[in-house]
Structure formats: C-alpha cells, structure tokens
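entry.csv follows; it contains CSV, C-alpha atoms and all ligand atoms.
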```
chain,number,residue,atom,x,y,z
A,380,MET,CA,0.0,0.0,0.0
A,381,SER,CA,1.4,3.4,-0.9
A,382,GLY,CA,0.6,6.6,0.9
A,383,ASN,CA,0.8,10.3,0.0
A,384,PHE,CA,3.3,11.3,2.6
A,385,LEU,CA,2.9,15.0,1.9
A,386,ALA,CA,-0.9,14.8,2.5
A,387,LEU,CA,-0.2,12.5,5.5
A,388,ALA,CA,2.0,15.1,7.2
A,389,GLN,CA,0.1,17.0,9.9
A,390,PRO,CA,-1.7,20.1,8.4
A,391,GLY,CA,0.6,22.7,10.0
A,392,VAL,CA,3.7,21.0,8.4
A,393,GLN,CA,2.0,20.8,5.0
A,394,GLN,CA,1.6,24.6,5.0
A,395,LEU,CA,5.2,25.3,5.9
A,396,SER,CA,8.0,26.2,3.5
A,397,PRO,CA,11.5,25.0,4.5
A,398,TYR,CA,13.8,27.6,6.1
A,399,VAL,CA,15.8,29.3,3.3
A,400,PRO,CA,19.4,29.9,4.5
A,401,GLY,CA,21.9,32.3,3.0
A,402,LYS,CA,23.4,31.0,-0.2
A,403,PRO,CA,26.7,29.1,0.6
A,404,VAL,CA,29.9,30.5,-1.0
A,405,ASP,CA,30.8,27.1,-2.6
A,406,GLU,CA,27.4,26.8,-4.1
A,407,LEU,CA,27.6,30.2,-5.8
A,408,ALA,CA,31.2,29.4,-6.9
A,409,ARG,CA,30.0,26.1,-8.5
A,410,GLU,CA,27.0,27.7,-10.2
A,411,LEU,CA,28.8,30.7,-11.7
A,412,ASP,CA,32.3,29.2,-12.0
A,413,LEU,CA,33.7,31.9,-9.7
A,414,ASP,CA,36.8,31.6,-7.4
A,415,PRO,CA,35.4,31.0,-3.9
A,416,ALA,CA,38.1,33.1,-2.4
A,417,LYS,CA,36.8,36.1,-4.3
A,418,ILE,CA,33.2,35.7,-3.1
A,419,VAL,CA,31.9,37.9,-0.4
A,420,LYS,CA,29.1,36.5,1.8
A,421,LEU,CA,27.1,39.0,3.8
A,422,ALA,CA,23.9,36.9,4.0
A,423,SER,CA,23.6,35.1,7.3
A,424,ASN,CA,24.5,37.6,10.0
A,425,GLU,CA,27.7,35.8,10.7
A,426,ASN,CA,30.6,37.4,12.5
A,427,PRO,CA,33.2,38.4,9.9
A,428,LEU,CA,36.1,38.4,12.5
A,429,GLY,CA,36.7,34.7,12.4
A,430,ALA,CA,36.4,32.7,15.7
A,431,SER,CA,38.1,33.9,18.9
A,432,PRO,CA,41.6,32.4,19.1
A,433,LYS,CA,40.7,31.3,22.7
A,434,ALA,CA,37.7,29.4,21.4
A,435,LEU,CA,39.9,27.7,18.8
A,436,ALA,CA,42.4,26.7,21.4
A,437,ALA,CA,39.7,25.3,23.6
A,438,ILE,CA,38.4,23.2,20.6
A,439,ARG,CA,41.8,21.8,19.9
A,440,GLU,CA,42.2,20.7,23.5
A,441,GLU,CA,38.7,19.1,23.4
A,442,LEU,CA,39.5,17.1,20.3
A,443,ALA,CA,41.3,14.5,22.4
A,444,GLU,CA,37.9,13.6,23.9
A,445,LEU,CA,35.9,13.1,20.8
A,446,THR,CA,35.0,9.5,21.5
A,447,ARG,CA,33.1,10.5,24.6
A,448,TYR,CA,29.6,11.9,24.9
A,449,PRO,CA,29.5,15.6,25.9
A,450,ASP,CA,28.5,16.6,29.4
A,451,GLY,CA,24.7,16.3,28.8
A,452,ASN,CA,24.1,18.9,31.6
A,453,GLY,CA,26.7,21.3,30.2
A,454,PHE,CA,27.8,22.1,33.8
A,455,ALA,CA,30.8,24.2,33.0
A,456,LEU,CA,29.1,26.4,30.5
A,457,LYS,CA,25.9,26.7,32.5
A,458,SER,CA,28.0,27.8,35.6
A,459,LEU,CA,29.7,30.5,33.6
A,460,LEU,CA,26.4,31.7,32.1
A,461,ALA,CA,24.7,31.6,35.5
A,462,GLU,CA,27.4,33.8,37.0
A,463,GLN,CA,27.5,36.2,34.1
A,464,CYS,CA,23.7,36.5,33.8
A,465,ARG,CA,23.1,36.7,37.6
A,466,VAL,CA,20.8,33.6,37.7
A,467,ASP,CA,20.9,30.2,39.3
A,468,LEU,CA,22.4,27.3,37.4
A,469,ASN,CA,18.9,25.6,37.2
A,470,GLN,CA,17.5,28.6,35.3
A,471,VAL,CA,19.8,28.0,32.3
A,472,THR,CA,18.9,25.8,29.4
A,473,LEU,CA,21.5,25.0,26.7
A,474,GLY,CA,20.5,24.6,23.1
A,475,ASN,CA,21.9,23.4,19.8
A,476,GLY,CA,21.9,27.1,18.7
A,477,SER,CA,19.2,29.3,20.2
A,478,ASN,CA,17.0,27.9,17.5
A,479,ASP,CA,16.9,24.7,19.6
A,480,ILE,CA,15.6,26.8,22.6
A,481,LEU,CA,12.7,28.1,20.4
A,482,GLU,CA,11.8,24.6,19.3
A,483,LEU,CA,12.0,23.3,22.9
A,484,VAL,CA,9.5,26.0,23.9
A,485,ALA,CA,7.2,25.0,21.1
A,486,ARG,CA,7.4,21.3,21.8
A,487,ALA,CA,6.8,21.8,25.5
A,488,TYR,CA,4.1,24.4,25.4
A,489,LEU,CA,2.3,24.3,22.1
A,490,ALA,CA,0.0,21.7,20.5
A,491,PRO,CA,-3.0,21.6,18.2
A,492,GLY,CA,-5.7,23.9,19.4
A,493,LEU,CA,-3.2,26.3,20.9
A,494,ASN,CA,-1.4,29.2,19.3
A,495,ALA,CA,1.7,31.4,19.3
A,496,VAL,CA,1.7,35.1,18.7
A,497,PHE,CA,4.5,36.8,16.8
A,498,SER,CA,5.0,39.8,14.5
A,499,GLU,CA,4.9,40.2,10.7
A,500,HIS,CA,8.6,40.3,9.5
A,501,ALA,CA,9.7,38.2,12.5
A,502,PHE,CA,12.3,35.5,12.4
A,503,ALA,CA,11.3,32.6,10.1
A,504,VAL,CA,11.8,30.0,12.7
A,505,TYR,CA,8.8,31.1,14.8
A,506,PRO,CA,6.3,29.8,12.3
A,507,ILE,CA,8.3,26.7,11.7
A,508,ALA,CA,8.6,25.8,15.4
A,509,THR,CA,4.9,26.7,15.9
A,510,GLN,CA,3.4,24.8,13.0
A,511,ALA,CA,5.7,21.8,13.4
A,512,VAL,CA,3.9,20.9,16.6
A,513,GLY,CA,0.4,21.5,15.1
A,514,ALA,CA,-0.2,24.8,16.8
A,515,GLN,CA,-1.6,27.9,15.1
A,516,ALA,CA,0.7,30.9,14.2
A,517,LYS,CA,-1.0,34.2,14.9
A,518,VAL,CA,0.9,36.8,12.9
A,519,VAL,CA,0.4,40.4,14.0
A,520,PRO,CA,0.9,43.3,11.4
A,521,ALA,CA,4.1,45.2,12.1
A,522,LYS,CA,4.3,48.9,12.8
A,523,ASP,CA,7.1,50.9,11.1
A,524,TRP,CA,8.7,47.5,10.3
A,525,GLY,CA,8.9,46.7,14.0
A,526,HIS,CA,6.8,44.8,16.6
A,527,ASP,CA,3.5,46.5,17.4
A,528,LEU,CA,3.5,45.3,21.1
A,529,PRO,CA,0.0,46.7,22.0
A,530,ALA,CA,-1.4,44.9,18.9
A,531,MET,CA,0.4,41.7,19.8
A,532,LEU,CA,-1.1,42.0,23.3
A,533,ALA,CA,-4.6,42.4,21.8
A,534,ALA,CA,-4.0,39.2,19.7
A,535,ILE,CA,-3.4,37.0,22.7
A,536,ASP,CA,-6.4,34.8,23.5
A,537,THR,CA,-7.2,32.0,25.9
A,538,ASN,CA,-5.5,29.5,23.6
A,539,THR,CA,-2.2,31.5,23.3
A,540,ARG,CA,0.6,29.8,25.2
A,541,VAL,CA,3.7,31.6,23.7
A,542,VAL,CA,4.6,35.0,22.3
A,543,PHE,CA,7.8,35.3,20.4
A,544,ILE,CA,9.4,38.7,20.3
A,545,ALA,CA,12.9,39.5,19.1
A,546,ASN,CA,14.8,42.5,20.3
A,547,PRO,CA,16.4,43.6,18.0
A,548,ASN,CA,14.4,41.8,15.4
A,549,ASN,CA,15.8,39.9,12.4
A,550,PRO,CA,15.5,40.7,9.5
A,551,THR,CA,14.4,44.3,10.2
A,552,GLY,CA,16.9,45.2,12.9
A,553,THR,CA,14.1,47.2,14.7
A,554,TRP,CA,13.9,47.3,18.4
A,555,PHE,CA,11.8,48.5,21.4
A,556,GLY,CA,12.8,50.2,24.6
A,557,ALA,CA,12.7,49.2,28.3
A,558,GLU,CA,9.4,51.0,29.0
A,559,ALA,CA,7.6,49.4,26.1
A,560,LEU,CA,8.9,45.9,27.1
A,561,ASP,CA,7.9,46.5,30.7
A,562,GLU,CA,4.4,47.6,29.8
A,563,PHE,CA,4.0,44.6,27.6
A,564,LEU,CA,5.2,42.2,30.2
A,565,GLN,CA,2.9,43.7,32.8
A,566,ASP,CA,-0.1,43.1,30.6
A,567,VAL,CA,0.6,39.7,29.1
A,568,PRO,CA,-1.6,37.1,30.9
A,569,GLU,CA,0.3,34.9,33.3
A,570,HIS,CA,-0.4,31.7,31.4
A,571,VAL,CA,1.5,33.0,28.3
A,572,LEU,CA,5.2,32.4,28.1
A,573,VAL,CA,7.0,35.4,26.5
A,574,VAL,CA,10.1,34.3,24.6
A,575,LEU,CA,12.3,37.4,24.3
A,576,ASP,CA,14.8,36.4,21.5
A,577,GLU,CA,18.0,38.4,22.1
A,578,ALA,CA,20.2,36.8,19.5
A,579,TYR,CA,21.8,40.1,18.7
A,580,ILE,CA,21.7,41.8,22.1
A,581,GLU,CA,25.5,42.0,22.4
A,582,TYR,CA,25.6,44.4,19.5
A,583,ALA,CA,23.2,46.8,21.2
A,584,GLU,CA,25.3,47.5,24.3
A,585,GLY,CA,25.2,51.1,25.3
A,586,SER,CA,22.0,51.8,23.4
A,587,ASP,CA,18.4,52.3,24.6
A,588,LEU,CA,17.7,48.6,24.0
A,589,PRO,CA,16.9,46.9,27.3
A,590,ASP,CA,18.7,43.9,28.8
A,591,GLY,CA,16.0,41.2,29.1
A,592,LEU,CA,17.8,39.7,32.1
A,593,ASP,CA,16.7,42.8,34.1
A,594,PHE,CA,13.1,41.6,33.8
A,595,LEU,CA,13.5,37.9,34.7
A,596,ALA,CA,13.0,38.3,38.4
A,597,ALA,CA,9.8,40.3,38.0
A,598,TYR,CA,8.2,38.1,35.3
A,599,PRO,CA,8.1,34.3,35.8
A,600,ASN,CA,6.5,33.9,32.4
A,601,LEU,CA,9.6,35.4,30.6
A,602,LEU,CA,12.3,33.4,28.9
A,603,VAL,CA,15.2,35.1,27.3
A,604,SER,CA,17.1,33.3,24.5
A,605,ARG,CA,20.6,34.2,23.4
A,606,THR,CA,23.3,32.7,21.2
A,607,PHE,CA,27.0,32.2,20.6
A,608,SER,CA,26.3,32.4,16.8
A,609,LYS,CA,26.6,36.1,16.3
A,610,ALA,CA,28.8,38.4,18.4
A,611,TYR,CA,30.6,35.4,19.9
A,612,GLY,CA,31.4,34.1,16.4
A,613,LEU,CA,30.6,30.4,16.8
A,614,ALA,CA,27.7,30.0,14.3
A,615,ALA,CA,29.0,26.7,12.9
A,616,LEU,CA,29.1,25.0,16.4
A,617,ARG,CA,25.5,25.6,17.2
A,618,VAL,CA,25.2,26.7,20.7
A,619,GLY,CA,22.7,29.0,22.4
A,620,TYR,CA,20.9,29.3,25.7
A,621,GLY,CA,17.6,30.1,27.4
A,622,LEU,CA,17.2,31.9,30.8
A,623,SER,CA,14.0,31.5,32.6
A,624,THR,CA,12.5,30.4,35.9
A,625,ALA,CA,13.8,27.0,37.1
A,626,VAL,CA,10.4,25.6,36.5
A,627,VAL,CA,10.4,26.5,32.8
A,628,ALA,CA,14.0,25.3,32.5
A,629,ASP,CA,13.0,22.0,34.0
A,630,VAL,CA,10.2,21.6,31.5
A,631,LEU,CA,12.4,22.4,28.6
A,632,ASN,CA,15.0,19.9,29.9
A,633,ARG,CA,12.4,17.2,29.7
A,634,VAL,CA,12.0,17.5,26.0
A,635,ARG,CA,15.5,18.2,24.8
A,636,GLN,CA,17.8,15.7,23.2
A,637,PRO,CA,20.0,14.2,25.9
A,638,PHE,CA,23.2,15.5,24.3
A,639,ASN,CA,21.9,18.5,22.4
A,640,VAL,CA,25.1,20.6,22.6
A,641,ASN,CA,28.3,18.9,21.5
A,642,SER,CA,31.5,19.0,23.4
A,643,LEU,CA,33.4,21.2,21.0
A,644,ALA,CA,30.7,23.8,21.2
A,645,LEU,CA,30.6,23.6,25.0
A,646,ALA,CA,34.3,24.1,25.3
A,647,ALA,CA,34.4,26.9,22.7
A,648,ALA,CA,31.5,28.7,24.2
A,649,CYS,CA,33.2,28.7,27.7
A,650,ALA,CA,36.3,30.2,26.2
A,651,ALA,CA,34.4,32.7,24.0
A,652,LEU,CA,32.4,33.9,27.0
A,653,LYS,CA,35.7,34.8,28.8
A,654,ASP,CA,37.2,36.5,25.7
A,655,GLU,CA,36.0,40.1,26.4
A,656,GLU,CA,38.5,41.5,23.9
A,657,TYR,CA,37.0,39.5,21.1
A,658,LEU,CA,33.5,40.7,22.0
A,659,ALA,CA,34.7,44.3,22.1
A,660,GLN,CA,36.3,43.9,18.7
A,661,SER,CA,33.1,42.4,17.3
A,662,ARG,CA,31.1,45.3,18.5
A,663,GLN,CA,33.6,47.9,17.2
A,664,LEU,CA,33.8,46.3,13.8
A,665,ASN,CA,30.0,46.1,13.6
A,666,GLU,CA,29.7,49.8,14.6
A,667,SER,CA,32.1,51.1,12.0
A,668,GLY,CA,30.8,48.7,9.3
A,669,MET,CA,27.3,49.9,10.0
A,670,GLN,CA,28.5,53.5,9.5
A,671,GLN,CA,30.3,52.5,6.3
A,672,LEU,CA,27.2,50.9,4.8
A,673,GLN,CA,25.0,53.7,5.7
A,674,ALA,CA,27.4,56.2,4.2
A,675,GLY,CA,27.4,54.1,1.0
A,676,PHE,CA,23.6,53.9,0.9
A,677,ARG,CA,23.4,57.6,1.4
A,678,GLU,CA,25.7,58.2,-1.6
A,679,LEU,CA,23.6,55.9,-3.7
A,680,GLY,CA,20.4,57.8,-2.6
A,681,LEU,CA,19.0,54.7,-0.9
A,682,SER,CA,17.2,54.5,2.4
A,683,TRP,CA,17.4,51.8,5.0
A,684,ILE,CA,15.7,50.6,8.2
A,685,GLU,CA,17.7,51.6,11.3
A,686,SER,CA,19.1,48.5,12.8
A,687,LYS,CA,20.6,47.5,16.2
A,688,GLY,CA,21.8,44.1,14.9
A,689,ASN,CA,24.9,43.1,12.8
A,690,PHE,CA,22.9,43.6,9.6
A,691,ILE,CA,20.8,46.2,7.8
A,692,CYS,CA,17.9,46.2,5.4
A,693,VAL,CA,18.4,48.5,2.5
A,694,ASP,CA,15.3,49.8,0.6
A,695,LEU,CA,15.9,49.6,-3.2
A,696,ALA,CA,12.6,51.3,-4.0
A,697,GLN,CA,12.0,48.6,-6.6
A,698,VAL,CA,11.7,44.8,-6.6
A,699,ALA,CA,15.0,43.6,-5.1
A,700,ALA,CA,15.2,40.1,-6.7
A,701,PRO,CA,17.0,41.3,-9.9
A,702,ILE,CA,19.4,43.3,-7.9
A,703,PHE,CA,20.1,40.3,-5.7
A,704,GLN,CA,20.8,38.2,-8.8
A,705,GLY,CA,23.1,41.0,-10.2
A,706,LEU,CA,25.0,41.1,-7.0
A,707,LEU,CA,25.5,37.3,-7.2
A,708,ARG,CA,27.0,37.7,-10.6
A,709,GLU,CA,29.4,40.2,-9.0
A,710,GLY,CA,30.3,37.5,-6.4
A,711,VAL,CA,28.5,39.2,-3.6
A,712,ILE,CA,25.9,37.2,-1.6
A,713,VAL,CA,23.3,39.1,0.5
A,714,ARG,CA,19.9,38.1,1.6
A,715,PRO,CA,16.6,38.6,-0.2
A,716,VAL,CA,13.8,39.1,2.3
A,717,ALA,CA,10.7,38.8,0.0
A,718,ASN,CA,9.8,35.7,2.0
A,719,TYR,CA,9.6,38.0,5.0
A,720,GLY,CA,7.1,40.3,3.2
A,721,MET,CA,9.8,42.7,2.2
A,722,PRO,CA,10.2,42.4,-1.6
A,723,ASN,CA,11.9,45.8,-2.1
A,724,HIS,CA,14.6,45.3,0.6
A,725,LEU,CA,17.8,43.3,0.8
A,726,ARG,CA,19.3,42.4,4.1
A,727,VAL,CA,23.1,42.9,4.3
A,728,THR,CA,25.3,41.6,7.1
A,729,ILE,CA,28.0,43.9,8.3
A,730,GLY,CA,31.3,42.5,7.1
A,731,LEU,CA,34.9,43.5,7.2
A,732,PRO,CA,35.7,46.9,5.8
A,733,ALA,CA,36.9,45.5,2.5
A,734,GLU,CA,33.9,43.2,2.2
A,735,ASN,CA,31.5,46.1,2.8
A,736,SER,CA,33.3,48.1,0.1
A,737,ARG,CA,33.1,45.2,-2.3
A,738,PHE,CA,29.4,45.0,-1.7
A,739,LEU,CA,28.8,48.8,-2.1
A,740,GLU,CA,30.8,48.8,-5.3
A,741,ALA,CA,28.9,45.9,-6.7
A,742,LEU,CA,25.6,47.5,-5.7
A,743,ARG,CA,26.6,50.7,-7.4
A,744,LYS,CA,27.4,48.8,-10.6
A,745,VAL,CA,24.3,46.7,-10.6
A,746,LEU,CA,22.1,49.7,-9.9
A,747,ALA,CA,23.8,51.7,-12.7
A,748,ARG,CA,23.0,48.9,-15.2
A,749,GLY,CA,19.3,49.6,-14.4
B,801,LIG,C1,16.3,36.5,15.7
B,801,LIG,C2,17.1,35.3,15.7
B,801,LIG,N1,16.8,34.4,16.6
B,801,LIG,C3,17.5,33.2,16.7
B,801,LIG,C4,18.4,32.9,15.7
B,801,LIG,C5,19.0,31.5,15.8
B,801,LIG,O1,20.4,31.5,15.8
B,801,LIG,P1,21.2,30.3,16.3
B,801,LIG,O2,20.3,29.1,16.3
B,801,LIG,O3,22.4,30.2,15.5
B,801,LIG,O4,21.5,30.6,17.8
B,801,LIG,C6,18.7,33.8,14.7
B,801,LIG,C7,19.6,33.4,13.6
B,801,LIG,O5,19.8,34.0,12.6
B,801,LIG,C8,18.0,35.0,14.7
B,801,LIG,O6,18.2,35.9,13.7
```
What would you get if you wrote out this structure as structure tokens?
Ligand SMILES: Cc1ncc(COP(=O)(O)O)c(C=O)c1O
Amino acid sequence: MSGNFLALAQPGVQQLSPYVPGKPVDELARELDLDPAKIVKLASNENPLGASPKALAAIREELAELTRYPDGNGFALKSLLAEQCRVDLNQVTLGNGSNDILELVARAYLAPGLNAVFSEHAFAVYPIATQAVGAQAKVVPAKDWGHDLPAMLAAIDTNTRVVFIANPNNPTGTWFGAEALDEFLQDVPEHVLVVLDEAYIEYAEGSDLPDGLDFLAAYPNLLVSRTFSKAYGLAALRVGYGLSTAVVADVLNRVRQPFNVNSLALAAACAALKDEEYLAQSRQLNESGMQQLQAGFRELGLSWIESKGNFICVDLAQVAAPIFQGLLREGVIVRPVANYGMPNHLRVTIGLPAENSRFLEALRKVLARG
C-alpha cells in the first residue's frame, strides 16, 4: 500500500516552507564558476572576524575527547552563564543554537488547538517551530517594520501559550525600549510564556535597547534566549541558551535531546564567554561597518531601516530580486527578504571593511545597469 506522505504530514507542516538559509559560498562558486576566495558572503548575520583564538584553542584541546559523549548537563558552560547572567544554574537551558531553545519551547508548550503570537517580518523559525507541533501561528501586522506590542497583546487569546518577540528583530533590525517591554510584560496574561529572543543583544550594548535579564525576576513567564552564533562568532558550532525560571528550564530539559550541545561547542562557548577582547572587537567592527554601509547607501540615494543588529535592510525602491541576482554575478551574496514580506529590501550583514566596500561597489554597478 502506498501513501501520499505529503498529505499525511500534519496540516501545519503541509503549510510550511523550509527555512531558506543564506546561499553558501561554494554553491555560488560552482553555479557561476567563480573563485570561492573572491566571493563575499554577507547573507547570514555571521561574525566576519573569524572565531576567537581562545575558542579555537579550547576546541583543539577538546578534540582529544571526541570518543566520549558531551556533558549532557553542560555544567561548565551553565555555571559561567549563571554567573554572568546573575541567575541560578537551574535557570539555564542550553540549546543546539538558540534555534533549539525556540523549538523546545514550542514542543513543551504548544499543541494543536493552541497558538503562538508573533509579528509580521519576524524571524522565520517562529512559524516553523509553531506549526511543526500543530499549533496555530497568529501573525500580527508590524508597525514601522517593528513589533507592534499593543497589537500583539490584543492578539493574545485563551489559547495562546507563547509569544515570540525579538529585540532587535531579524531581519528588520528594529527594536523596542525598556518601557515598552515592561508595559507589555505587565499586561501579558500569566499563562502565556514570553520568549524574548535576544540573538543580537550583544551588538546593542550602550543603546536604549533593554537587557532582558533585568526583567527575569519580576516576570516568571519570561524566557530570554541568546546565542553564541553572532557576536561570539561560533555559528558553525550551534550553541545558544535560554534563561527562565527554574520551572520552565526543568520543563524544557524534559523534551531536549540528551546531548543536544556537542563537546566542542561547549568548550568553545566557555572560552568565548571569557574573551572580552573579542567581543569588544566584534562590537567595534560592527559599529564602524554599520556607518560605512549607511554612508554608502546615502551616496547611492538609498534609504534603510535603522538596525541595532549586525545587519541592515536597504530599501531599493524597486523589486529587489533582480538586484540580488546582479550582486550574485558580481560574487556578492546578500539576503533577499521577500519571503519576510519585504520584496523591495535586501538584508546585508555587516562584514569586514573590505567586504563592505566590495558590496557597495557591486551594488553601485548593478544599480547603474538599471
Ligand atoms: C532573531 C534570531 N533568533 C534566533 C536565531 C538562531 O540563531 P542560532 O540558532 O544560530 O542561535 C537567529 C539566527 O539568525 C535569529 O536571527
């Protein structure tokens, strides 16, 4: 007997499209017969610095233990995080990237008949995590590209169990301040878990963007998720974490894979967390690269969405897909965001100064061709 295994998938999954990642350098090199060394990839909000030398040294040391399972409780990393984040060890959940934390939340708290609320133009994994467990995604229209928190509040109903909010948001880079967050948290019903996704928080230091950890003690329905993929430069290793009450952490711990974070990732994350110099350098590079791109956009007469992340969405005032293709032919990979409801924008990750220049030069050329 044969079955239609698409039709047999649960309805939420049938309606999903797979996550579209940034185009890999080798793929473009193969397709256009380009030298991979000459390709610039500014498409996945990766850290252009290369990994911290301290993290690399920790990985080398850990290689001797590859035959062993990792510490399934991630004691060393959790201890460091607990200290740095001013929480107890049992409030920390480790994930295979912060993506894993989002999925653990969905698996633990969502189900058919329940829903998750999130914003238009929000991170693509929120609908995937929600619909994969048969729950309904309630998407709230954005305001000025960012989260409309009062509207999100109004969208919460008795079947809502999770709200995903990202600060700053990807792909828009938009953010909200402490007062708006506090007002929102005060009004969210106690039965709704608020996932505050702070994947890019390290880049926003010194700005008016709040530190979610400051709200943990007051709001037991808050979970803050963070990652080592961005400012800590370890995207390939897949390590992130959630901070919540011990009760929520215990629940997430029940559904996670026993060894969800590998030992190289654990060792590297511990070392990266202690490498303050690397973090400072990441921030500085991001800050100057952001200025460089904005100056370039200004020169080209283009506008953009102000961003507190390590990326920026430029408005091309026309459908962006042909420009994206033109940039590919110039060996520059950025990210189209039409699938985020932003057909006229391209999202560009802040690169090294020379990479930013290559992108701006390629953009100038492609736009001039018309
Ligand atoms: C807003 C946001 N949240 C979470 C993630 C997941 O990152 P990771 O799984 O690498 O920690 C990303 C990655 O791009 C992101 O942009």
Skipping near chain neighbours, those fewer than 3 positions away, what residues fall within 7 Å of segment 739-744 of chain A using only C-alpha atoms, listed as a list in words?
Gly675, Leu706, Glu709, Asn735, Ser736, Ala747 and Arg748 of chain A
Between chain A and ligand LIG 801 (chain B), at 7 Å or less, what are the per-residue closest atom pairs and their distances in Å? Count all atoms listed in the file, order by chain and rising residue number, and return it as CSV.
```
residue,atom,partner,partner_atom,distance
A:Ser423,CA,B:LIG801,O5,6.6
A:Asn424,CA,B:LIG801,O5,6.5
A:Asn475,CA,B:LIG801,O2,6.9
A:Gly476,CA,B:LIG801,O2,3.5
A:Ser477,CA,B:LIG801,O4,3.6
A:Asn478,CA,B:LIG801,O2,3.7
A:Asp479,CA,B:LIG801,O2,6.5
A:Phe502,CA,B:LIG801,C1,5.3
A:Ala545,CA,B:LIG801,C1,5.7
A:Asn548,CA,B:LIG801,C1,5.6
A:Asn549,CA,B:LIG801,C1,4.8
A:Pro550,CA,B:LIG801,O6,6.9
A:Asp576,CA,B:LIG801,N1,5.7
A:Glu577,CA,B:LIG801,C1,6.9
A:Ala578,CA,B:LIG801,N1,5.1
A:Arg605,CA,B:LIG801,O4,6.7
A:Thr606,CA,B:LIG801,O4,4.4
A:Phe607,CA,B:LIG801,O4,6.4
A:Ser608,CA,B:LIG801,O3,4.7
A:Ala614,CA,B:LIG801,O3,5.4
A:Arg617,CA,B:LIG801,O3,5.8
A:Val618,CA,B:LIG801,O4,6.1
A:Gly619,CA,B:LIG801,O4,5.0
```
Could you check how far atom CA of Ala511 of chain A sits from atom CA of Val392 of chain A, in Å to one decimal?
5.4 Å
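Closest approach to Lys457 of chain A from the set A:Gln671, A:Gly749, A:Ala646, A:Ala434 is made by A:Ala646, with distances taken over all atoms listed in the file.
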Pick out the closest residue to Gly680 of chain A from this set: A:Met721, A:Ala659, A:Leu746, A:Val512. Count only C-alpha atoms.
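Distance minimum relative to Gly680 of chain A lands on A:Leu746.
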Env of segment 682-692 of chain A: 10 Å cut, atoms = only C-alpha atoms, seq-sep filter 5 positions within chain, self excluded. Answer as a VMD selection string.
chain A and resid 421 to 427 523 to 525 546 to 554 577 to 584 586 to 588 609 to 610 661 to 662 664 to 666 668 to 669 672 to 673 676 to 677 714 to 716 721 723 to 730
Please, what distance in Å, to one decimal, runs between atom CA of Tyr657 of chain A and atom CA of Leu435 of chain A?
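Pair atom CA of Tyr657 of chain A / atom CA of Leu435 of chain A returns 12.4 Å.
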Of the candidates A:Val518, A:Leu652, A:Leu493, A:Val711, which shows the shortest atom-to-atom distance to Leu459 of chain A, using only C-alpha atoms?
A:Leu652
Between atom CA of Pro529 of chain A and atom CA of Asp566 of chain A, what distance in Å does the model show, to one decimal?
9.3 Å
When distances are computed from all atoms listed in the file, which of A:Pro400, A:Gly621, A:Gly585, A:Gly382 shows the smallest separation from Val504 of chain A?
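Result for the nearest residue to Val504 of chain A: A:Pro400.
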Polymer residues at most 12 Å from (11.8, 20.2, 26.3) by only C-alpha atoms, as a list of chain:residue names:
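Returned residue set, sorted by chain then number, is A:Thr472, A:Leu473, A:Gly474, A:Asp479, A:Ile480, A:Leu481, A:Glu482, A:Leu483, A:Val484, A:Ala485, A:Arg486, A:Ala487, A:Tyr488, A:Leu489, A:Gly621, A:Val626, A:Val627, A:Ala628, A:Asp629, A:Val630, A:Leu631, A:Asn632, A:Arg633, A:Val634, A:Arg635, A:Gln636, A:Pro637, A:Asn639.
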Could you check the closest approach to Ala508 of chain A for each of A:Leu428, A:Val567, A:Ala490, A:Leu601 and tell me which residue wins, using all atoms listed in the file?
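The shortest atom-to-atom distance to Ala508 of chain A comes from A:Ala490.
Restricting the calculation to all atoms listed in the file, the smallest distance between Asn718 of chain A and any of A:Leu592, A:Ala700, A:Ala651, A:Val471 is found for A:Ala700.
Excluding Tyr448 of chain A itself and any same-chain residue fewer than 5 positions from it, the protein and nucleic acid residues within 8 Å of it, counting only C-alpha atoms, are Phe638, Asn641 and Ser642 of chain A.
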Dump as a ChimeraX atom specification all residues having an atom at most 7 Å from (-7.3, 28.6, 20.3), computed in the file's coordinates with only C-alpha atoms.
/A:492-494,537-539
With all heavy atoms as the target, complete segment 445-449 of chain A and hand it back as an mmCIF file, keeping the file's coordinate frame.
```cif
data_model
loop_
_atom_site.group_PDB
_atom_site.id
_atom_site.type_symbol
_atom_site.label_atom_id
_atom_site.label_comp_id
_atom_site.auth_asym_id
_atom_site.auth_seq_id
_atom_site.Cartn_x
_atom_site.Cartn_y
_atom_site.Cartn_z
ATOM 1 N N LEU A 445 37.002 13.248 21.716
ATOM 2 C CA LEU A 445 35.900 13.100 20.800
ATOM 3 C C LEU A 445 35.133 11.770 20.865
ATOM 4 O O LEU A 445 33.990 11.679 20.432
ATOM 5 C CB LEU A 445 36.393 13.244 19.315
ATOM 6 C CG LEU A 445 36.496 14.658 18.744
ATOM 7 C CD1 LEU A 445 36.636 14.618 17.234
ATOM 8 C CD2 LEU A 445 35.305 15.523 19.118
ATOM 9 N N THR A 446 35.758 10.753 21.429
ATOM 10 C CA THR A 446 35.000 9.500 21.500
ATOM 11 C C THR A 446 34.007 9.475 22.644
ATOM 12 O O THR A 446 33.202 8.558 22.752
ATOM 13 C CB THR A 446 36.016 8.301 21.799
ATOM 14 O OG1 THR A 446 36.728 8.582 23.002
ATOM 15 C CG2 THR A 446 36.973 8.091 20.647
ATOM 16 N N ARG A 447 34.066 10.484 23.478
ATOM 17 C CA ARG A 447 33.100 10.500 24.600
ATOM 18 C C ARG A 447 31.916 11.382 24.337
ATOM 19 O O ARG A 447 32.012 12.372 23.617
ATOM 20 C CB ARG A 447 33.832 11.046 25.866
ATOM 21 C CG ARG A 447 35.046 10.246 26.246
ATOM 22 C CD ARG A 447 35.444 10.449 27.685
ATOM 23 N NE ARG A 447 36.641 9.684 27.966
ATOM 24 C CZ ARG A 447 36.642 8.386 28.253
ATOM 25 N NH1 ARG A 447 35.509 7.710 28.333
ATOM 26 N NH2 ARG A 447 37.779 7.752 28.469
ATOM 27 N N TYR A 448 30.800 11.022 24.943
ATOM 28 C CA TYR A 448 29.600 11.900 24.900
ATOM 29 C C TYR A 448 29.956 13.204 25.577
ATOM 30 O O TYR A 448 30.741 13.231 26.539
ATOM 31 C CB TYR A 448 28.433 11.251 25.580
ATOM 32 C CG TYR A 448 27.725 10.204 24.743
ATOM 33 C CD1 TYR A 448 27.917 8.854 24.990
ATOM 34 C CD2 TYR A 448 26.863 10.585 23.723
ATOM 35 C CE1 TYR A 448 27.268 7.896 24.222
ATOM 36 C CE2 TYR A 448 26.210 9.637 22.959
ATOM 37 C CZ TYR A 448 26.413 8.292 23.206
ATOM 38 O OH TYR A 448 25.772 7.359 22.447
ATOM 39 N N PRO A 449 29.300 14.289 25.126
ATOM 40 C CA PRO A 449 29.500 15.600 25.900
ATOM 41 C C PRO A 449 28.851 15.486 27.246
ATOM 42 O O PRO A 449 28.071 14.566 27.517
ATOM 43 C CB PRO A 449 28.758 16.574 24.990
ATOM 44 C CG PRO A 449 27.991 15.837 23.963
ATOM 45 C CD PRO A 449 28.379 14.399 23.979
#
```
